[in-house]
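J.: Just so it is clear, I am handing over structure-v3.cif, which has mmCIF, N, CA and C atoms and all ligand atoms.
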data_start
loop_
_atom_site.label_atom_id
_atom_site.label_comp_id
_atom_site.auth_asym_id
_atom_site.auth_seq_id
_atom_site.Cartn_x
_atom_site.Cartn_y
_atom_site.Cartn_z
N MET T 1 0.85 -1.20 0.00
CA MET T 1 0.00 0.00 0.00
C MET T 1 0.88 1.25 0.00
N ASN T 2 0.57 2.17 -0.91
CA ASN T 2 1.29 3.44 -0.96
C ASN T 2 0.79 4.34 0.16
N GLU T 3 1.56 4.51 1.19
CA GLU T 3 1.09 5.19 2.41
C GLU T 3 0.59 6.60 2.14
N SER T 4 1.23 7.32 1.22
CA SER T 4 0.85 8.72 0.99
C SER T 4 -0.52 8.82 0.34
N ALA T 5 -0.94 7.77 -0.34
CA ALA T 5 -2.21 7.83 -1.06
C ALA T 5 -3.38 7.33 -0.23
N VAL T 6 -3.10 6.79 0.96
CA VAL T 6 -4.17 6.19 1.75
C VAL T 6 -5.15 7.26 2.23
N LEU T 7 -6.44 6.97 2.07
CA LEU T 7 -7.50 7.87 2.54
C LEU T 7 -7.91 7.40 3.93
N THR T 8 -8.13 8.36 4.84
CA THR T 8 -8.47 7.98 6.21
C THR T 8 -9.78 8.63 6.64
N GLY T 9 -10.44 7.97 7.59
CA GLY T 9 -11.69 8.50 8.13
C GLY T 9 -11.93 7.93 9.51
N GLY T 10 -13.01 8.39 10.13
CA GLY T 10 -13.32 7.90 11.47
C GLY T 10 -14.66 8.42 11.96
N CYS T 11 -15.03 7.93 13.14
CA CYS T 11 -16.31 8.32 13.75
C CYS T 11 -16.14 9.60 14.57
N LEU T 12 -17.25 10.09 15.09
CA LEU T 12 -17.24 11.35 15.85
C LEU T 12 -16.36 11.28 17.09
N CYS T 13 -16.42 10.19 17.84
CA CYS T 13 -15.67 10.12 19.11
C CYS T 13 -14.22 9.68 18.92
N GLY T 14 -13.87 9.20 17.73
CA GLY T 14 -12.49 8.82 17.46
C GLY T 14 -12.16 7.38 17.81
N SER T 15 -13.14 6.63 18.32
CA SER T 15 -12.88 5.23 18.66
C SER T 15 -12.60 4.40 17.41
N VAL T 16 -13.37 4.67 16.35
CA VAL T 16 -13.24 3.89 15.11
C VAL T 16 -12.48 4.72 14.07
N ARG T 17 -11.39 4.13 13.58
CA ARG T 17 -10.61 4.77 12.50
C ARG T 17 -10.45 3.75 11.39
N PHE T 18 -10.44 4.22 10.15
CA PHE T 18 -10.31 3.28 9.04
C PHE T 18 -9.52 3.90 7.90
N GLU T 19 -9.04 3.03 7.02
CA GLU T 19 -8.18 3.42 5.90
C GLU T 19 -8.71 2.82 4.61
N ILE T 20 -8.58 3.57 3.55
CA ILE T 20 -8.98 3.11 2.22
C ILE T 20 -7.84 3.35 1.25
N GLU T 21 -7.56 2.31 0.49
CA GLU T 21 -6.55 2.46 -0.55
C GLU T 21 -7.27 2.78 -1.86
N PRO T 22 -7.06 3.98 -2.46
CA PRO T 22 -7.72 4.28 -3.72
C PRO T 22 -7.17 3.35 -4.83
N PRO T 23 -7.86 3.23 -5.96
CA PRO T 23 -9.04 4.02 -6.32
C PRO T 23 -10.33 3.49 -5.70
N THR T 24 -11.25 4.42 -5.38
CA THR T 24 -12.60 4.04 -5.02
C THR T 24 -13.36 3.71 -6.31
N LYS T 25 -14.58 3.14 -6.18
CA LYS T 25 -15.31 2.68 -7.37
C LYS T 25 -16.39 3.64 -7.84
N TRP T 26 -17.06 4.31 -6.92
CA TRP T 26 -18.16 5.20 -7.29
C TRP T 26 -18.49 6.06 -6.07
N CYS T 27 -19.27 7.11 -6.28
CA CYS T 27 -19.74 7.95 -5.18
C CYS T 27 -21.09 8.52 -5.58
N SER T 28 -22.11 8.36 -4.71
CA SER T 28 -23.42 8.91 -5.05
C SER T 28 -24.23 9.21 -3.78
N HIS T 29 -25.26 10.03 -3.99
CA HIS T 29 -26.18 10.41 -2.92
C HIS T 29 -27.32 9.41 -2.88
N CYS T 30 -27.60 8.81 -1.71
CA CYS T 30 -28.70 7.85 -1.60
C CYS T 30 -29.88 8.48 -0.87
N HIS T 31 -31.04 8.42 -1.51
CA HIS T 31 -32.26 9.01 -0.95
C HIS T 31 -33.22 7.96 -0.41
N CYS T 32 -32.77 6.73 -0.19
CA CYS T 32 -33.70 5.68 0.26
C CYS T 32 -34.15 5.95 1.70
N SER T 33 -35.30 5.37 2.05
CA SER T 33 -35.88 5.64 3.37
C SER T 33 -35.06 5.01 4.49
N LEU T 34 -34.35 3.92 4.19
CA LEU T 34 -33.53 3.27 5.22
C LEU T 34 -32.34 4.14 5.59
N CYS T 35 -31.65 4.68 4.58
CA CYS T 35 -30.54 5.59 4.86
C CYS T 35 -31.04 6.81 5.62
N ARG T 36 -32.17 7.33 5.18
CA ARG T 36 -32.72 8.54 5.82
C ARG T 36 -32.91 8.32 7.32
N ARG T 37 -33.53 7.19 7.66
CA ARG T 37 -33.82 6.93 9.08
C ARG T 37 -32.56 6.57 9.85
N ALA T 38 -31.72 5.74 9.26
CA ALA T 38 -30.51 5.30 9.97
C ALA T 38 -29.58 6.46 10.29
N HIS T 39 -29.51 7.44 9.37
CA HIS T 39 -28.55 8.53 9.54
C HIS T 39 -29.19 9.81 10.08
N GLY T 40 -30.53 9.84 10.13
CA GLY T 40 -31.19 11.07 10.57
C GLY T 40 -30.90 12.22 9.65
N ALA T 41 -30.96 11.96 8.34
CA ALA T 41 -30.58 12.99 7.36
C ALA T 41 -31.45 12.85 6.12
N ALA T 42 -31.57 13.94 5.37
CA ALA T 42 -32.41 13.95 4.16
C ALA T 42 -31.91 12.92 3.14
N PHE T 43 -30.60 12.80 3.01
CA PHE T 43 -29.99 11.78 2.15
C PHE T 43 -28.56 11.55 2.61
N VAL T 44 -27.96 10.50 2.14
CA VAL T 44 -26.62 10.12 2.61
C VAL T 44 -25.70 9.93 1.41
N THR T 45 -24.52 10.49 1.49
CA THR T 45 -23.55 10.38 0.40
C THR T 45 -22.58 9.25 0.72
N TRP T 46 -22.57 8.26 -0.19
CA TRP T 46 -21.76 7.05 -0.01
C TRP T 46 -20.72 6.95 -1.10
N PHE T 47 -19.63 6.26 -0.82
CA PHE T 47 -18.76 5.78 -1.89
C PHE T 47 -18.46 4.32 -1.65
N GLY T 48 -18.10 3.64 -2.74
CA GLY T 48 -17.85 2.21 -2.67
C GLY T 48 -16.39 1.89 -2.93
N VAL T 49 -15.92 0.85 -2.26
CA VAL T 49 -14.53 0.41 -2.45
C VAL T 49 -14.50 -1.12 -2.31
N GLU T 50 -13.58 -1.74 -3.01
CA GLU T 50 -13.40 -3.18 -2.84
C GLU T 50 -13.00 -3.46 -1.39
N LYS T 51 -13.59 -4.52 -0.82
CA LYS T 51 -13.29 -4.84 0.58
C LYS T 51 -11.79 -4.97 0.84
N ALA T 52 -11.08 -5.48 -0.14
CA ALA T 52 -9.63 -5.69 0.03
C ALA T 52 -8.88 -4.37 0.17
N GLN T 53 -9.51 -3.26 -0.25
CA GLN T 53 -8.86 -1.95 -0.17
C GLN T 53 -9.32 -1.16 1.07
N PHE T 54 -10.10 -1.81 1.92
CA PHE T 54 -10.66 -1.15 3.10
C PHE T 54 -10.18 -1.87 4.36
N ARG T 55 -9.85 -1.09 5.39
CA ARG T 55 -9.34 -1.69 6.62
C ARG T 55 -9.73 -0.83 7.81
N ILE T 56 -10.29 -1.46 8.85
CA ILE T 56 -10.53 -0.74 10.11
C ILE T 56 -9.21 -0.77 10.86
N SER T 57 -8.61 0.40 11.06
CA SER T 57 -7.27 0.47 11.65
C SER T 57 -7.32 0.60 13.17
N GLU T 58 -8.42 1.15 13.70
CA GLU T 58 -8.57 1.26 15.16
C GLU T 58 -10.03 1.06 15.52
N GLY T 59 -10.28 0.44 16.67
CA GLY T 59 -11.63 0.36 17.21
C GLY T 59 -12.53 -0.66 16.55
N ASP T 60 -11.94 -1.71 16.00
CA ASP T 60 -12.75 -2.76 15.36
C ASP T 60 -13.84 -3.27 16.31
N SER T 61 -13.51 -3.39 17.60
CA SER T 61 -14.47 -3.93 18.57
C SER T 61 -15.59 -2.94 18.89
N ALA T 62 -15.38 -1.65 18.56
CA ALA T 62 -16.42 -0.64 18.80
C ALA T 62 -17.46 -0.63 17.69
N VAL T 63 -17.13 -1.22 16.54
CA VAL T 63 -18.07 -1.21 15.42
C VAL T 63 -19.20 -2.19 15.68
N GLN T 64 -20.43 -1.69 15.60
CA GLN T 64 -21.63 -2.52 15.75
C GLN T 64 -22.27 -2.64 14.37
N TRP T 65 -22.87 -3.80 14.10
CA TRP T 65 -23.54 -4.00 12.80
C TRP T 65 -25.02 -4.22 13.02
N HIS T 66 -25.82 -3.48 12.30
CA HIS T 66 -27.28 -3.65 12.33
C HIS T 66 -27.74 -4.20 10.98
N HIS T 67 -28.46 -5.34 11.00
CA HIS T 67 -29.00 -5.89 9.75
C HIS T 67 -30.27 -5.12 9.39
N SER T 68 -30.16 -4.25 8.40
CA SER T 68 -31.30 -3.41 8.02
C SER T 68 -32.21 -4.12 7.02
N SER T 69 -31.75 -5.22 6.47
CA SER T 69 -32.60 -6.08 5.63
C SER T 69 -31.96 -7.46 5.63
N GLU T 70 -32.65 -8.39 4.97
CA GLU T 70 -32.18 -9.78 4.92
C GLU T 70 -30.73 -9.87 4.45
N GLU T 71 -30.39 -9.06 3.43
CA GLU T 71 -29.08 -9.22 2.78
C GLU T 71 -28.10 -8.08 3.08
N ALA T 72 -28.51 -7.12 3.91
CA ALA T 72 -27.64 -5.96 4.11
C ALA T 72 -27.42 -5.65 5.58
N ARG T 73 -26.26 -5.08 5.87
CA ARG T 73 -25.97 -4.66 7.25
C ARG T 73 -25.29 -3.29 7.23
N ARG T 74 -25.52 -2.55 8.30
CA ARG T 74 -25.00 -1.19 8.44
C ARG T 74 -24.11 -1.12 9.67
N GLY T 75 -22.93 -0.57 9.50
CA GLY T 75 -21.96 -0.49 10.59
C GLY T 75 -21.93 0.91 11.19
N PHE T 76 -21.90 0.95 12.52
CA PHE T 76 -21.86 2.24 13.21
C PHE T 76 -20.99 2.12 14.46
N CYS T 77 -20.55 3.25 14.98
CA CYS T 77 -19.75 3.23 16.20
C CYS T 77 -20.67 3.01 17.40
N GLY T 78 -20.42 1.98 18.18
CA GLY T 78 -21.24 1.66 19.34
C GLY T 78 -21.04 2.62 20.49
N ARG T 79 -20.01 3.47 20.44
CA ARG T 79 -19.77 4.43 21.51
C ARG T 79 -20.44 5.77 21.23
N CYS T 80 -20.31 6.28 20.00
CA CYS T 80 -20.87 7.62 19.70
C CYS T 80 -22.04 7.57 18.72
N GLY T 81 -22.30 6.43 18.10
CA GLY T 81 -23.46 6.30 17.21
C GLY T 81 -23.24 6.73 15.78
N SER T 82 -22.04 7.19 15.43
CA SER T 82 -21.80 7.62 14.04
C SER T 82 -22.06 6.47 13.08
N THR T 83 -22.83 6.75 12.03
CA THR T 83 -23.10 5.75 10.99
C THR T 83 -21.96 5.80 9.99
N LEU T 84 -21.44 4.64 9.64
CA LEU T 84 -20.18 4.63 8.89
C LEU T 84 -20.18 3.74 7.65
N PHE T 85 -20.70 2.52 7.76
CA PHE T 85 -20.48 1.51 6.71
C PHE T 85 -21.78 0.83 6.29
N PHE T 86 -21.74 0.26 5.09
CA PHE T 86 -22.87 -0.52 4.57
C PHE T 86 -22.30 -1.66 3.72
N GLU T 87 -22.83 -2.85 3.93
CA GLU T 87 -22.43 -4.00 3.10
C GLU T 87 -23.69 -4.78 2.74
N SER T 88 -23.75 -5.27 1.50
CA SER T 88 -24.94 -5.99 1.04
C SER T 88 -24.54 -7.06 0.04
N GLU T 89 -25.33 -8.15 0.06
CA GLU T 89 -25.10 -9.21 -0.93
C GLU T 89 -25.28 -8.69 -2.35
N ARG T 90 -26.07 -7.63 -2.49
CA ARG T 90 -26.28 -7.06 -3.82
C ARG T 90 -24.98 -6.49 -4.40
N TRP T 91 -24.11 -6.00 -3.54
CA TRP T 91 -22.81 -5.50 -3.97
C TRP T 91 -21.74 -6.32 -3.23
N ALA T 92 -21.78 -7.61 -3.43
CA ALA T 92 -20.85 -8.51 -2.74
C ALA T 92 -19.41 -8.10 -3.06
N GLY T 93 -18.58 -8.12 -2.03
CA GLY T 93 -17.18 -7.77 -2.24
C GLY T 93 -16.88 -6.30 -2.09
N GLU T 94 -17.92 -5.48 -1.88
CA GLU T 94 -17.71 -4.04 -1.71
C GLU T 94 -18.08 -3.63 -0.29
N THR T 95 -17.39 -2.62 0.22
CA THR T 95 -17.85 -1.91 1.41
C THR T 95 -18.22 -0.50 0.98
N HIS T 96 -19.35 -0.03 1.46
CA HIS T 96 -19.78 1.34 1.19
C HIS T 96 -19.50 2.16 2.43
N ILE T 97 -18.98 3.36 2.22
CA ILE T 97 -18.52 4.19 3.33
C ILE T 97 -19.15 5.57 3.21
N VAL T 98 -19.53 6.13 4.35
CA VAL T 98 -20.14 7.46 4.37
C VAL T 98 -19.06 8.51 4.05
N LEU T 99 -19.29 9.26 2.99
CA LEU T 99 -18.29 10.26 2.57
C LEU T 99 -18.01 11.26 3.69
N ALA T 100 -19.04 11.63 4.45
CA ALA T 100 -18.88 12.64 5.51
C ALA T 100 -17.99 12.18 6.65
N SER T 101 -17.67 10.89 6.71
CA SER T 101 -16.79 10.41 7.79
C SER T 101 -15.31 10.49 7.42
N MET T 102 -15.03 10.95 6.17
CA MET T 102 -13.64 11.00 5.74
C MET T 102 -12.95 12.26 6.26
N ASP T 103 -11.63 12.17 6.45
CA ASP T 103 -10.85 13.30 6.96
C ASP T 103 -10.62 14.37 5.90
N SER T 104 -10.60 13.97 4.64
CA SER T 104 -10.29 14.91 3.56
C SER T 104 -10.94 14.38 2.28
N PRO T 105 -10.96 15.19 1.20
CA PRO T 105 -11.62 14.74 -0.03
C PRO T 105 -11.03 13.44 -0.55
N ILE T 106 -11.88 12.63 -1.18
CA ILE T 106 -11.41 11.37 -1.76
C ILE T 106 -11.08 11.60 -3.24
N ASP T 107 -10.90 10.52 -3.98
CA ASP T 107 -10.45 10.60 -5.37
C ASP T 107 -11.58 10.84 -6.36
N ARG T 108 -12.80 11.13 -5.90
CA ARG T 108 -13.90 11.44 -6.81
C ARG T 108 -14.97 12.22 -6.06
N THR T 109 -15.89 12.82 -6.82
CA THR T 109 -17.01 13.56 -6.24
C THR T 109 -18.30 12.82 -6.56
N PRO T 110 -19.40 13.10 -5.85
CA PRO T 110 -20.66 12.41 -6.12
C PRO T 110 -21.11 12.63 -7.57
N ARG T 111 -21.59 11.55 -8.20
CA ARG T 111 -21.95 11.60 -9.62
C ARG T 111 -23.43 11.35 -9.88
N ALA T 112 -24.21 11.00 -8.88
CA ALA T 112 -25.61 10.65 -9.14
C ALA T 112 -26.43 10.71 -7.85
N HIS T 113 -27.75 10.78 -8.05
CA HIS T 113 -28.71 10.60 -6.95
C HIS T 113 -29.40 9.26 -7.18
N VAL T 114 -29.35 8.35 -6.21
CA VAL T 114 -30.03 7.06 -6.36
C VAL T 114 -31.20 6.98 -5.38
N PHE T 115 -32.14 6.07 -5.69
CA PHE T 115 -33.41 5.97 -4.94
C PHE T 115 -34.08 7.34 -4.85
N PHE T 116 -33.95 8.11 -5.95
CA PHE T 116 -34.42 9.50 -5.89
C PHE T 116 -35.93 9.60 -5.81
N ASP T 117 -36.65 8.55 -6.24
CA ASP T 117 -38.12 8.66 -6.16
C ASP T 117 -38.63 8.57 -4.73
N SER T 118 -37.75 8.28 -3.75
CA SER T 118 -38.21 8.38 -2.36
C SER T 118 -37.58 9.56 -1.63
N HIS T 119 -37.13 10.57 -2.39
CA HIS T 119 -36.49 11.73 -1.75
C HIS T 119 -37.51 12.56 -0.96
N VAL T 120 -37.01 13.29 0.03
CA VAL T 120 -37.88 14.18 0.82
C VAL T 120 -38.15 15.45 0.02
N ASP T 121 -39.24 16.12 0.36
CA ASP T 121 -39.56 17.35 -0.37
C ASP T 121 -39.16 18.60 0.42
N TRP T 122 -38.40 18.39 1.51
CA TRP T 122 -37.99 19.55 2.31
C TRP T 122 -36.54 19.97 2.08
N VAL T 123 -35.93 19.38 1.06
CA VAL T 123 -34.61 19.85 0.62
C VAL T 123 -34.67 20.03 -0.88
N GLU T 124 -34.20 21.17 -1.36
CA GLU T 124 -34.20 21.43 -2.79
C GLU T 124 -32.78 21.28 -3.32
N LEU T 125 -32.65 20.46 -4.37
CA LEU T 125 -31.33 20.21 -4.93
C LEU T 125 -31.10 21.15 -6.12
N GLY T 126 -29.89 21.68 -6.20
CA GLY T 126 -29.58 22.59 -7.30
C GLY T 126 -28.58 22.04 -8.28
N ASP T 127 -28.26 20.76 -8.17
CA ASP T 127 -27.22 20.22 -9.06
C ASP T 127 -27.84 19.57 -10.30
N GLU T 128 -26.97 19.24 -11.23
CA GLU T 128 -27.40 18.68 -12.52
C GLU T 128 -27.10 17.18 -12.61
N LEU T 129 -26.81 16.57 -11.48
CA LEU T 129 -26.46 15.14 -11.52
C LEU T 129 -27.67 14.31 -11.93
N ASN T 130 -27.42 13.20 -12.60
CA ASN T 130 -28.51 12.31 -13.02
C ASN T 130 -29.20 11.71 -11.80
N ARG T 131 -30.51 11.47 -11.97
CA ARG T 131 -31.34 10.94 -10.88
C ARG T 131 -31.86 9.57 -11.27
N PHE T 132 -31.78 8.65 -10.33
CA PHE T 132 -32.16 7.26 -10.57
C PHE T 132 -33.14 6.82 -9.51
N GLY T 133 -33.97 5.80 -9.84
CA GLY T 133 -34.96 5.33 -8.87
C GLY T 133 -35.50 3.97 -9.28
N GLY T 134 -36.80 3.79 -9.10
CA GLY T 134 -37.41 2.50 -9.40
C GLY T 134 -37.11 1.49 -8.32
N PRO T 135 -37.55 0.25 -8.51
CA PRO T 135 -37.37 -0.78 -7.48
C PRO T 135 -35.91 -0.99 -7.08
N THR T 136 -35.00 -0.87 -8.03
CA THR T 136 -33.59 -1.08 -7.72
C THR T 136 -32.92 0.18 -7.22
N GLY T 137 -33.56 1.33 -7.42
CA GLY T 137 -32.96 2.61 -7.03
C GLY T 137 -31.98 3.14 -8.04
N THR T 138 -31.71 2.36 -9.09
CA THR T 138 -30.64 2.75 -10.02
C THR T 138 -31.13 2.80 -11.48
N GLU T 139 -32.45 2.88 -11.65
CA GLU T 139 -32.97 3.04 -13.01
C GLU T 139 -33.14 4.52 -13.32
N PRO T 140 -32.83 4.94 -14.56
CA PRO T 140 -32.88 6.38 -14.89
C PRO T 140 -34.27 6.97 -14.65
N LEU T 141 -34.31 8.18 -14.09
CA LEU T 141 -35.56 8.91 -13.88
C LEU T 141 -35.50 10.18 -14.72
N GLU T 142 -36.68 10.66 -15.12
CA GLU T 142 -36.75 11.96 -15.79
C GLU T 142 -36.40 13.04 -14.78
N LYS T 143 -35.67 14.05 -15.23
CA LYS T 143 -35.45 15.22 -14.37
C LYS T 143 -36.77 15.92 -14.15
N GLU T 144 -37.02 16.43 -12.94
CA GLU T 144 -38.29 17.09 -12.63
C GLU T 144 -38.35 18.44 -13.32
ZN ZN I 201 -17.36 6.78 17.84
ZN ZN I 202 -29.83 4.32 0.96
#
Produce structure tokens that represent the structure in this file.
T.:
Amino acid sequence: MNESAVLTGGCLCGSVRFEIEPPTKWCSHCHCSLCRRAHGAAFVTWFGVEKAQFRISEGDSAVQWHHSSEEARRGFCGRCGSTLFFESERWAGETHIVLASMDSPIDRTPRAHVFFDSHVDWVELGDELNRFGGPTGTEPLEKE
């Protein structure tokens, strides 16, 4: 691993620290109702990385996993409650990480809105990114 290129992040209380070796695979805003409730936010910005490029460097025992569906689990800090990770059989081999938990910008910016048909109406978006939805959350939607 090239140490200078490693991306780092962590939870609010500092118990959980993690490292990512770029390149990451994608970055997008998720508007699904599960993310909304789990994070207490209008939408959540995630990026994906191959599991082999992701490592919890500190506080592995502090990470708690909640199964939010049959095939998916969400990782959070059991001490401060920060929501951090997502893993699902649908994206086997990938870990999804909350962009807001990173210490500094990563190697890409958000490129899309997914599960946009369940977005809240109390936030107005001003960007031109493509919007996706439907049962999978990733089918193209018409711009409003
Ligand atoms: Zn914490
Ligand atoms: Zn979501």
J.: Please write as a PyMOL selection string the list of polymer residues whose atoms come within 6.5 Å of (-34.8, 13.6, -3.1), counting only N, CA and C atoms and keeping to the coordinates of the file.
T.: chain T and resi 31+116-121
J.: If you keep N, CA and C atoms, can you produce a file of those selected residues as an mmCIF file, in the coordinates of the input?
T.:
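Once everything was written out, this is out.cif:
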data_model
loop_
_atom_site.group_PDB
_atom_site.id
_atom_site.type_symbol
_atom_site.label_atom_id
_atom_site.label_comp_id
_atom_site.auth_asym_id
_atom_site.auth_seq_id
_atom_site.Cartn_x
_atom_site.Cartn_y
_atom_site.Cartn_z
ATOM 1 N N HIS T 31 -31.040 8.420 -1.510
ATOM 2 C CA HIS T 31 -32.260 9.010 -0.950
ATOM 3 C C HIS T 31 -33.220 7.960 -0.410
ATOM 4 N N PHE T 116 -33.950 8.110 -5.950
ATOM 5 C CA PHE T 116 -34.420 9.500 -5.890
ATOM 6 C C PHE T 116 -35.930 9.600 -5.810
ATOM 7 N N ASP T 117 -36.650 8.550 -6.240
ATOM 8 C CA ASP T 117 -38.120 8.660 -6.160
ATOM 9 C C ASP T 117 -38.630 8.570 -4.730
ATOM 10 N N SER T 118 -37.750 8.280 -3.750
ATOM 11 C CA SER T 118 -38.210 8.380 -2.360
ATOM 12 C C SER T 118 -37.580 9.560 -1.630
ATOM 13 N N HIS T 119 -37.130 10.570 -2.390
ATOM 14 C CA HIS T 119 -36.490 11.730 -1.750
ATOM 15 C C HIS T 119 -37.510 12.560 -0.960
ATOM 16 N N VAL T 120 -37.010 13.290 0.030
ATOM 17 C CA VAL T 120 -37.880 14.180 0.820
ATOM 18 C C VAL T 120 -38.150 15.450 0.020
ATOM 19 N N ASP T 121 -39.240 16.120 0.360
ATOM 20 C CA ASP T 121 -39.560 17.350 -0.370
ATOM 21 C C ASP T 121 -39.160 18.600 0.420
#
J.: List as a PyMOL selection string the protein and nucleic acid residues near Thr45 of chain T, meaning an atom at most 5 Å away when all atoms listed in the file are counted, but skip any in the same chain fewer than 6 places from it.
T.: chain T and resi 28-30+98-99
J.: Using all atoms listed in the file, what table do you get, as a Markdown table, when you list each residue of chain T with an atom no more than 7 Å from ligand ZN 201 (chain I), its nearest pair of atoms, and their distance in Å rounded to one decimal, rows by chain then rising number?
T.:
| residue | atom | partner | partner_atom | distance |
| --- | --- | --- | --- | --- |
| T:Gly10 | C | I:ZN201 | ZN | 6.7 |
| T:Cys11 | C | I:ZN201 | ZN | 4.5 |
| T:Leu12 | N | I:ZN201 | ZN | 4.3 |
| T:Cys13 | N | I:ZN201 | ZN | 3.5 |
| T:Gly14 | N | I:ZN201 | ZN | 4.2 |
| T:Ser15 | N | I:ZN201 | ZN | 4.2 |
| T:Val16 | N | I:ZN201 | ZN | 4.8 |
| T:Phe76 | C | I:ZN201 | ZN | 6.8 |
| T:Cys77 | CA | I:ZN201 | ZN | 4.6 |
| T:Gly78 | N | I:ZN201 | ZN | 5.7 |
| T:Arg79 | C | I:ZN201 | ZN | 4.7 |
| T:Cys80 | N | I:ZN201 | ZN | 3.7 |
| T:Gly81 | N | I:ZN201 | ZN | 5.0 |
| T:Ser82 | N | I:ZN201 | ZN | 5.3 |
J.: Go ahead and write the selection's residues with N, CA and C atoms as a PDB file, in the coordinates of the input.
T.:
ATOM      1  N   GLY T  10     -13.010   8.390  10.130  1.00  0.00           N
ATOM      2  CA  GLY T  10     -13.320   7.900  11.470  1.00  0.00           C
ATOM      3  C   GLY T  10     -14.660   8.420  11.960  1.00  0.00           C
ATOM      4  N   CYS T  11     -15.030   7.930  13.140  1.00  0.00           N
ATOM      5  CA  CYS T  11     -16.310   8.320  13.750  1.00  0.00           C
ATOM      6  C   CYS T  11     -16.140   9.600  14.570  1.00  0.00           C
ATOM      7  N   LEU T  12     -17.250  10.090  15.090  1.00  0.00           N
ATOM      8  CA  LEU T  12     -17.240  11.350  15.850  1.00  0.00           C
ATOM      9  C   LEU T  12     -16.360  11.280  17.090  1.00  0.00           C
ATOM     10  N   CYS T  13     -16.420  10.190  17.840  1.00  0.00           N
ATOM     11  CA  CYS T  13     -15.670  10.120  19.110  1.00  0.00           C
ATOM     12  C   CYS T  13     -14.220   9.680  18.920  1.00  0.00           C
ATOM     13  N   GLY T  14     -13.870   9.200  17.730  1.00  0.00           N
ATOM     14  CA  GLY T  14     -12.490   8.820  17.460  1.00  0.00           C
ATOM     15  C   GLY T  14     -12.160   7.380  17.810  1.00  0.00           C
ATOM     16  N   SER T  15     -13.140   6.630  18.320  1.00  0.00           N
ATOM     17  CA  SER T  15     -12.880   5.230  18.660  1.00  0.00           C
ATOM     18  C   SER T  15     -12.600   4.400  17.410  1.00  0.00           C
ATOM     19  N   VAL T  16     -13.370   4.670  16.350  1.00  0.00           N
ATOM     20  CA  VAL T  16     -13.240   3.890  15.110  1.00  0.00           C
ATOM     21  C   VAL T  16     -12.480   4.720  14.070  1.00  0.00           C
ATOM     22  N   PHE T  76     -21.900   0.950  12.520  1.00  0.00           N
ATOM     23  CA  PHE T  76     -21.860   2.240  13.210  1.00  0.00           C
ATOM     24  C   PHE T  76     -20.990   2.120  14.460  1.00  0.00           C
ATOM     25  N   CYS T  77     -20.550   3.250  14.980  1.00  0.00           N
ATOM     26  CA  CYS T  77     -19.750   3.230  16.200  1.00  0.00           C
ATOM     27  C   CYS T  77     -20.670   3.010  17.400  1.00  0.00           C
ATOM     28  N   GLY T  78     -20.420   1.980  18.180  1.00  0.00           N
ATOM     29  CA  GLY T  78     -21.240   1.660  19.340  1.00  0.00           C
ATOM     30  C   GLY T  78     -21.040   2.620  20.490  1.00  0.00           C
ATOM     31  N   ARG T  79     -20.010   3.470  20.440  1.00  0.00           N
ATOM     32  CA  ARG T  79     -19.770   4.430  21.510  1.00  0.00           C
ATOM     33  C   ARG T  79     -20.440   5.770  21.230  1.00  0.00           C
ATOM     34  N   CYS T  80     -20.310   6.280  20.000  1.00  0.00           N
ATOM     35  CA  CYS T  80     -20.870   7.620  19.700  1.00  0.00           C
ATOM     36  C   CYS T  80     -22.040   7.570  18.720  1.00  0.00           C
ATOM     37  N   GLY T  81     -22.300   6.430  18.100  1.00  0.00           N
ATOM     38  CA  GLY T  81     -23.460   6.300  17.210  1.00  0.00           C
ATOM     39  C   GLY T  81     -23.240   6.730  15.780  1.00  0.00           C
ATOM     40  N   SER T  82     -22.040   7.190  15.430  1.00  0.00           N
ATOM     41  CA  SER T  82     -21.800   7.620  14.040  1.00  0.00           C
ATOM     42  C   SER T  82     -22.060   6.470  13.080  1.00  0.00           C
TER      43      SER T  82
END
J.: Using only N, CA and C atoms and all ligand atoms, find each residue with an atom at most 8 Å away from ligand ZN 202 (chain I) and format the answer as a short mmCIF file (atom, residue, chain, number, x, y, z; two decimals) with N, CA and C atoms, in the frame of the given file.
T.:
data_model
loop_
_atom_site.label_atom_id
_atom_site.label_comp_id
_atom_site.auth_asym_id
_atom_site.auth_seq_id
_atom_site.Cartn_x
_atom_site.Cartn_y
_atom_site.Cartn_z
N HIS T 29 -25.26 10.03 -3.99
CA HIS T 29 -26.18 10.41 -2.92
C HIS T 29 -27.32 9.41 -2.88
N CYS T 30 -27.60 8.81 -1.71
CA CYS T 30 -28.70 7.85 -1.60
C CYS T 30 -29.88 8.48 -0.87
N HIS T 31 -31.04 8.42 -1.51
CA HIS T 31 -32.26 9.01 -0.95
C HIS T 31 -33.22 7.96 -0.41
N CYS T 32 -32.77 6.73 -0.19
CA CYS T 32 -33.70 5.68 0.26
C CYS T 32 -34.15 5.95 1.70
N SER T 33 -35.30 5.37 2.05
CA SER T 33 -35.88 5.64 3.37
C SER T 33 -35.06 5.01 4.49
N LEU T 34 -34.35 3.92 4.19
CA LEU T 34 -33.53 3.27 5.22
C LEU T 34 -32.34 4.14 5.59
N CYS T 35 -31.65 4.68 4.58
CA CYS T 35 -30.54 5.59 4.86
C CYS T 35 -31.04 6.81 5.62
N ARG T 36 -32.17 7.33 5.18
CA ARG T 36 -32.72 8.54 5.82
C ARG T 36 -32.91 8.32 7.32
N PHE T 43 -30.60 12.80 3.01
CA PHE T 43 -29.99 11.78 2.15
C PHE T 43 -28.56 11.55 2.61
N VAL T 44 -27.96 10.50 2.14
CA VAL T 44 -26.62 10.12 2.61
C VAL T 44 -25.70 9.93 1.41
N VAL T 114 -29.35 8.35 -6.21
CA VAL T 114 -30.03 7.06 -6.36
C VAL T 114 -31.20 6.98 -5.38
N PHE T 115 -32.14 6.07 -5.69
CA PHE T 115 -33.41 5.97 -4.94
C PHE T 115 -34.08 7.34 -4.85
#
J.: Would you pick out the contacts of Gly93 of chain T at 7 Å or less, using only N, CA and C atoms, so that residues sharing its chain but fewer than 4 positions from it are not included, and give the list as a PyMOL selection string?
T.: chain T and resi 49-52+88-89
